[in-house]
Amino acid sequence: MINLTITQALEKLKSREISATELTRTHLDRIEKYGADLNCYITVTPERAMADAAAADARYAANNALPLDGIPIGMKDLFATRGIRTTAASRMLENFIPEYESTVSQKFINSGTVLLGKTNLDEFAMGTFSKTSYFGAPINPWQREKRLTAGGSSGGATSAIASGLAMGGTGTDTGGSIRFPSAITGLVGMKPTYGLCSRWGCVAFASSLDTPGPIARTVDDAALLLSAMAGHDEKDSTSANAEFHAHTALSPILGDGKKLRVGIIREFADVEISDDMKNIFAKRIADLKSIGAEIVEISIPNILDALAAYYIIAPAEASSNLARYDGMKYGLRIDGSDLIDTYKKTRAAGFGDEVKRRMIIGTAVLSSESYDVYFMQAARVRRMIADSFNRAFEQCDLILCPSSAGTALPLDSDLSPLEYYALDLFTVAMNLAGIPACSVPAGLASNNLPLGIQVVGPMFSDMRVLQLAKHIEQFAGIDNRPTTVMGE
Ligand code: GLN
């Protein structure tokens with residue numbers, strides 16, 4: 001049962017070949033067996049899961065099943081869940097139990113999913129290996145004995161889904177946090193168009209970049225999850241007036257004489273990537289050509305400045321967003337001698353080093369002496385990148401690029417903060433532009449670890465992005481079934 005995709009499980013649930021209760025029990029048993037070692041969940045919710053499953057089974061019995069009825073999922077622990085601790089992987093929110101439900105998690109409830117628990121992440125989603133989590137890093141289930149990173153910040157989700165400890169789940173992508181962890185764990189991770197999924201009730205990192213999205217084992221599954229998550233929300237002022245519906249398998253966008261112009265970014269050609277990534281990228285391009293894709297070289301002149309712009313804008317917004325954690329309203333409080341001292345003691349104890357680093361950078365770039373030279377310049381670069389993508393989409397329909405330079409690194413790799421930041425090179429530009437991008441498994445490297453390629457499209461082309469991703473998935477044909485990944 002663990003190897004079923006969401007699409008397959010829904011068939012079997014509908015035909016009553018399996019029940020939601022069995023499916024959920026099987027996943028909870030597996031969490032019991034592997035959860036502690038993989039460290040992919042911060043909080044497991046077995047009672048809630050079994051209750052959700054029973055409700056789903058009752059709806060199947062009454063023939064009024066919901067679109068994702070009985071599918072066990074993990075929710076990134078950044079989405080507020082009513083009555084269930086929501087930590088953002090921070091000591092600051094270690095014991096925070098929200099009285100409200102985020103729009104995205106509410107939409108999953110409305111679709112009938114079963115909540116297995118809250119998945120691990122980098123503290124406040126700031127990081128790339130999920131190592132900044134107050135609860136310790138999750139492990140990549142691929143070649144588990146090697147203790148590789150499952151990526152970040154949605155690394156708990158990718159660890160859980162790749163190992164069969166959830167059938168799918170949510171992530172958030174501010175600068176690559178869905179796509180990078182998905183790429184190095186052999187999963188499909190979709191950063192939708194900014195505004196397609198509501199941010200309401202999702203702990204804020206950088207509001208103009210934060211994008212909730214789905215993570216799953218197949219493109220069809222990711223499309224099903226996105227259908228549940230997406231849609232306008234009046235509680236989020238940046239929510240788009242758009243929907244996404246894929247309730248059946250995605251149709252091919254290529255083949256049978258269909259034409260599609262696929263762009264390759266010229267500036268990325270000079271970036272150092274592994275030979276495996278080069279080879280696999282070339283192979284998938286050749287495959288797409290063979291079914292009618294026309295490959296065109298396009299230019300995004302400022303794309304290599306995206307990192308610099310991102311690491312000004314994201315910390316600036318974070319420093320403002322995280323000002324709310326002052327020990328007064330919610331979360332940790334360490335009493336000091338007076339109000340200011342309480343603020344200081346609370347924030348010193350509640351935040352980890354990376355979060356503090358971001359707030360210091362953010363406060364600096366927003367200060368009156370630095371605003372024009374740093375923040376305004378970064379905002380200009382952001383505008384230029386968005387404009388360049390718009391121009392590029394006059395020459396091509398969709399764009400392809402690597403999701404990362406290479407495969408998963410060991411968790412104990414000793415990287416400096418700047419070296420971590422540099423890993424986001426291939427992902428941050430799409431957040432700055434607000435455009436959809438999906439990382440899809442593209443092949444196995446010579447070390448037998450997965451590599452991913454991104455499909456990128458113009459605003460609201462999410463469906464076409466996923467359709468092209470599905471072709472790549474089919475050509476790559478990697479075996480990412482949990483029992484294979486876990487060597488069972
Ligand atoms: N690695 C990036 C950062 O640390 C992206 C994080 C994210 O997308 N949440 O900011």
# chains A, B, ... in the order shown; residues from 1 in each chain; ligands from 1
>>> residues_around(residues="segment 225-238 of chain A", least_positions_apart="2", cutoff="6 Å", atoms="only C-alpha atoms", output="ChimeraX atom specification")
/A:104,107,195-197,200,214,222-223,240-246
>>> write_last_selection(atoms="C-alpha atoms", output="short mmCIF file (atom, residue, chain, number, x, y, z; two decimals), in the first residue's frame")
data_model
loop_
_atom_site.label_atom_id
_atom_site.label_comp_id
_atom_site.auth_asym_id
_atom_site.auth_seq_id
_atom_site.Cartn_x
_atom_site.Cartn_y
_atom_site.Cartn_z
CA VAL A 104 -4.39 25.87 2.71
CA LYS A 107 -8.79 23.43 1.93
CA GLY A 195 -0.93 34.25 -5.22
CA LEU A 196 -2.47 31.04 -6.56
CA CYS A 197 -2.39 29.45 -3.08
CA TRP A 200 -3.28 33.19 5.11
CA PRO A 214 2.47 20.72 -3.29
CA ALA A 222 1.17 17.10 -7.49
CA ALA A 223 -1.56 18.41 -9.80
CA ALA A 240 -5.00 35.89 -7.11
CA ASN A 241 -8.42 35.65 -8.63
CA ALA A 242 -7.57 32.29 -10.17
CA GLU A 243 -8.20 28.62 -9.68
CA PHE A 244 -6.50 25.41 -10.66
CA HIS A 245 -8.35 22.23 -11.52
CA ALA A 246 -6.82 18.89 -12.49
#
>>> residues_around(residues="segment 87-92 of chain A", least_positions_apart="6", cutoff="6 Å", atoms="only C-alpha atoms", output="PyMOL selection string")
chain A and resi 77-78+123-124+133-134+331-332+350
>>> residues_near_ligand(ligand="ligand 1", cutoff="10 Å", atoms="only C-alpha atoms and all ligand atoms", output="PyMOL selection string")
chain A and resi 121-130+132+151-154+171-181+191+204-206+209-212+307+310-311+314-315+318+354-355+358+417+420-425+427-428+431
>>> write_last_selection(atoms="N, CA and C atoms", output="compact mmCIF listing (two decimals), in the first residue's frame")
# COMPACT_ATOMS: atom_id res chain seq x y z
N LEU A 121 11.18 21.37 9.14
CA LEU A 121 11.62 22.41 8.19
C LEU A 121 12.75 23.22 8.81
N ASP A 122 13.36 24.06 8.03
CA ASP A 122 14.28 25.04 8.58
C ASP A 122 13.50 26.03 9.44
N GLU A 123 14.14 26.55 10.48
CA GLU A 123 13.48 27.52 11.36
C GLU A 123 12.92 28.69 10.54
N PHE A 124 11.62 28.90 10.65
CA PHE A 124 10.92 29.94 9.88
C PHE A 124 11.20 29.82 8.38
N ALA A 125 11.52 28.62 7.93
CA ALA A 125 11.76 28.32 6.50
C ALA A 125 13.02 29.00 5.96
N MET A 126 13.94 29.36 6.86
CA MET A 126 15.17 30.01 6.43
C MET A 126 16.30 29.00 6.42
N GLY A 127 16.63 28.52 5.22
CA GLY A 127 17.71 27.55 5.12
C GLY A 127 17.53 26.67 3.91
N THR A 128 18.46 25.73 3.73
CA THR A 128 18.50 24.92 2.51
C THR A 128 18.67 23.43 2.81
N PHE A 129 19.07 23.10 4.03
CA PHE A 129 19.27 21.69 4.42
C PHE A 129 18.34 21.28 5.58
N SER A 130 17.44 22.16 5.98
CA SER A 130 16.58 21.95 7.16
C SER A 130 17.41 21.78 8.44
N THR A 132 18.61 24.26 10.20
CA THR A 132 18.38 25.34 11.17
C THR A 132 17.15 25.03 12.04
N GLY A 151 17.24 18.28 1.98
CA GLY A 151 17.03 19.63 1.46
C GLY A 151 16.26 20.51 2.44
N GLY A 152 16.03 21.74 2.02
CA GLY A 152 15.28 22.64 2.87
C GLY A 152 14.75 23.79 2.05
N SER A 153 13.83 24.51 2.57
CA SER A 153 13.37 24.35 3.94
C SER A 153 12.30 23.27 4.12
N SER A 154 11.68 22.80 3.03
CA SER A 154 10.62 21.79 3.21
C SER A 154 11.21 20.37 3.28
N GLY A 171 4.48 22.22 0.94
CA GLY A 171 5.71 22.93 1.22
C GLY A 171 5.43 24.41 1.05
N THR A 172 6.43 25.22 1.32
CA THR A 172 6.37 26.63 0.94
C THR A 172 7.69 26.95 0.28
N ASP A 173 7.63 27.84 -0.71
CA ASP A 173 8.81 28.13 -1.52
C ASP A 173 8.98 29.65 -1.57
N THR A 174 10.00 30.13 -0.86
CA THR A 174 10.29 31.57 -0.83
C THR A 174 11.45 31.86 -1.78
N GLY A 175 12.38 30.87 -1.85
CA GLY A 175 13.53 31.01 -2.74
C GLY A 175 13.97 29.67 -3.31
N GLY A 176 13.14 28.64 -3.12
CA GLY A 176 13.48 27.32 -3.65
C GLY A 176 13.12 26.18 -2.72
N SER A 177 12.48 26.50 -1.61
CA SER A 177 12.26 25.52 -0.54
C SER A 177 11.31 24.38 -0.86
N ILE A 178 10.60 24.46 -1.97
CA ILE A 178 9.85 23.28 -2.42
C ILE A 178 10.70 22.54 -3.46
N ARG A 179 11.28 23.31 -4.39
CA ARG A 179 11.93 22.69 -5.55
C ARG A 179 13.26 22.02 -5.22
N PHE A 180 14.10 22.67 -4.42
CA PHE A 180 15.40 22.07 -4.12
C PHE A 180 15.27 20.76 -3.33
N PRO A 181 14.53 20.76 -2.22
CA PRO A 181 14.39 19.48 -1.50
C PRO A 181 13.71 18.39 -2.33
N LYS A 191 6.31 25.00 -7.25
CA LYS A 191 6.07 26.36 -6.75
C LYS A 191 5.09 27.00 -7.70
N ALA A 204 4.69 33.76 8.27
CA ALA A 204 5.31 34.58 7.24
C ALA A 204 6.83 34.60 7.36
N PHE A 205 7.49 34.49 6.21
CA PHE A 205 8.94 34.68 6.13
C PHE A 205 9.15 35.95 5.31
N ALA A 206 8.99 35.89 4.00
CA ALA A 206 9.12 37.07 3.14
C ALA A 206 7.85 37.14 2.29
N LEU A 209 7.37 36.92 -1.50
CA LEU A 209 8.00 35.76 -2.16
C LEU A 209 7.39 34.43 -1.73
N ASP A 210 6.85 34.36 -0.51
CA ASP A 210 6.34 33.10 0.05
C ASP A 210 5.25 32.50 -0.83
N THR A 211 5.43 31.24 -1.20
CA THR A 211 4.47 30.58 -2.09
C THR A 211 4.19 29.16 -1.62
N PRO A 212 3.01 28.89 -1.07
CA PRO A 212 2.69 27.51 -0.73
C PRO A 212 2.53 26.66 -2.00
N LEU A 307 20.40 36.08 -6.87
CA LEU A 307 20.78 35.69 -5.51
C LEU A 307 21.01 36.90 -4.63
N TYR A 310 17.77 38.60 -3.93
CA TYR A 310 16.96 37.79 -3.01
C TYR A 310 17.45 37.93 -1.57
N TYR A 311 18.77 37.86 -1.39
CA TYR A 311 19.31 37.89 -0.02
C TYR A 311 19.37 39.30 0.55
N ALA A 314 14.57 39.19 0.85
CA ALA A 314 14.00 38.20 1.77
C ALA A 314 14.33 38.56 3.24
N PRO A 315 15.59 38.86 3.58
CA PRO A 315 15.85 39.25 4.97
C PRO A 315 15.14 40.55 5.38
N ALA A 318 11.73 39.60 6.16
CA ALA A 318 11.73 38.74 7.36
C ALA A 318 11.91 39.59 8.62
N GLU A 354 20.63 31.46 12.38
CA GLU A 354 20.34 31.87 11.00
C GLU A 354 19.23 32.92 10.98
N VAL A 355 18.22 32.72 11.81
CA VAL A 355 17.11 33.69 11.86
C VAL A 355 17.64 35.04 12.34
N ARG A 358 19.50 36.76 9.53
CA ARG A 358 18.59 37.38 8.55
C ARG A 358 18.02 38.68 9.09
N PRO A 417 27.53 30.31 5.67
CA PRO A 417 26.22 30.85 5.28
C PRO A 417 26.19 31.25 3.80
N TYR A 420 25.76 28.24 1.60
CA TYR A 420 24.36 27.79 1.57
C TYR A 420 23.53 28.68 0.66
N TYR A 421 23.71 29.99 0.79
CA TYR A 421 22.92 30.92 -0.03
C TYR A 421 23.15 30.64 -1.52
N ALA A 422 24.39 30.31 -1.87
CA ALA A 422 24.73 30.09 -3.28
C ALA A 422 23.99 28.88 -3.87
N LEU A 423 23.57 27.95 -3.02
CA LEU A 423 22.85 26.77 -3.52
C LEU A 423 21.49 27.14 -4.13
N ASP A 424 21.01 28.33 -3.83
CA ASP A 424 19.69 28.76 -4.33
C ASP A 424 19.76 29.40 -5.71
N LEU A 425 20.92 29.36 -6.32
CA LEU A 425 21.14 30.05 -7.60
C LEU A 425 20.08 29.75 -8.65
N THR A 427 17.00 28.68 -8.25
CA THR A 427 15.58 28.74 -7.87
C THR A 427 15.05 30.13 -7.52
N VAL A 428 15.91 31.03 -7.04
CA VAL A 428 15.36 32.29 -6.48
C VAL A 428 14.75 33.22 -7.53
N ASN A 431 11.01 33.12 -7.85
CA ASN A 431 10.26 33.75 -6.76
C ASN A 431 10.25 35.26 -6.94
>>> closest_residue(among="A:Ile31, A:Lys131, A:Arg48, A:Lys14", to="Asp414 of chain A", atoms="only C-alpha atoms")
A:Lys131
>>> closest_residue(among="A:Ala157, A:Thr218, A:Leu322, A:Pro46", to="Arg481 of chain A", atoms="only C-alpha atoms")
A:Thr218
>>> closest_atom_pairs(of="segment 290-364 of chain A", to="segment 472-475 of chain A", cutoff="12 Å", atoms="only C-alpha atoms", output="JSON lines")
{"residue": "A:Ser290", "atom": "CA", "partner": "A:Phe475", "partner_atom": "CA", "distance": 11.0}
{"residue": "A:Ile291", "atom": "CA", "partner": "A:Phe475", "partner_atom": "CA", "distance": 10.9}
{"residue": "A:Ala293", "atom": "CA", "partner": "A:Ile472", "partner_atom": "CA", "distance": 11.9}
>>> atom_distance(atom1="atom CA of Ile360 of chain A", atom2="atom CA of Thr342 of chain A")
18.9 Å
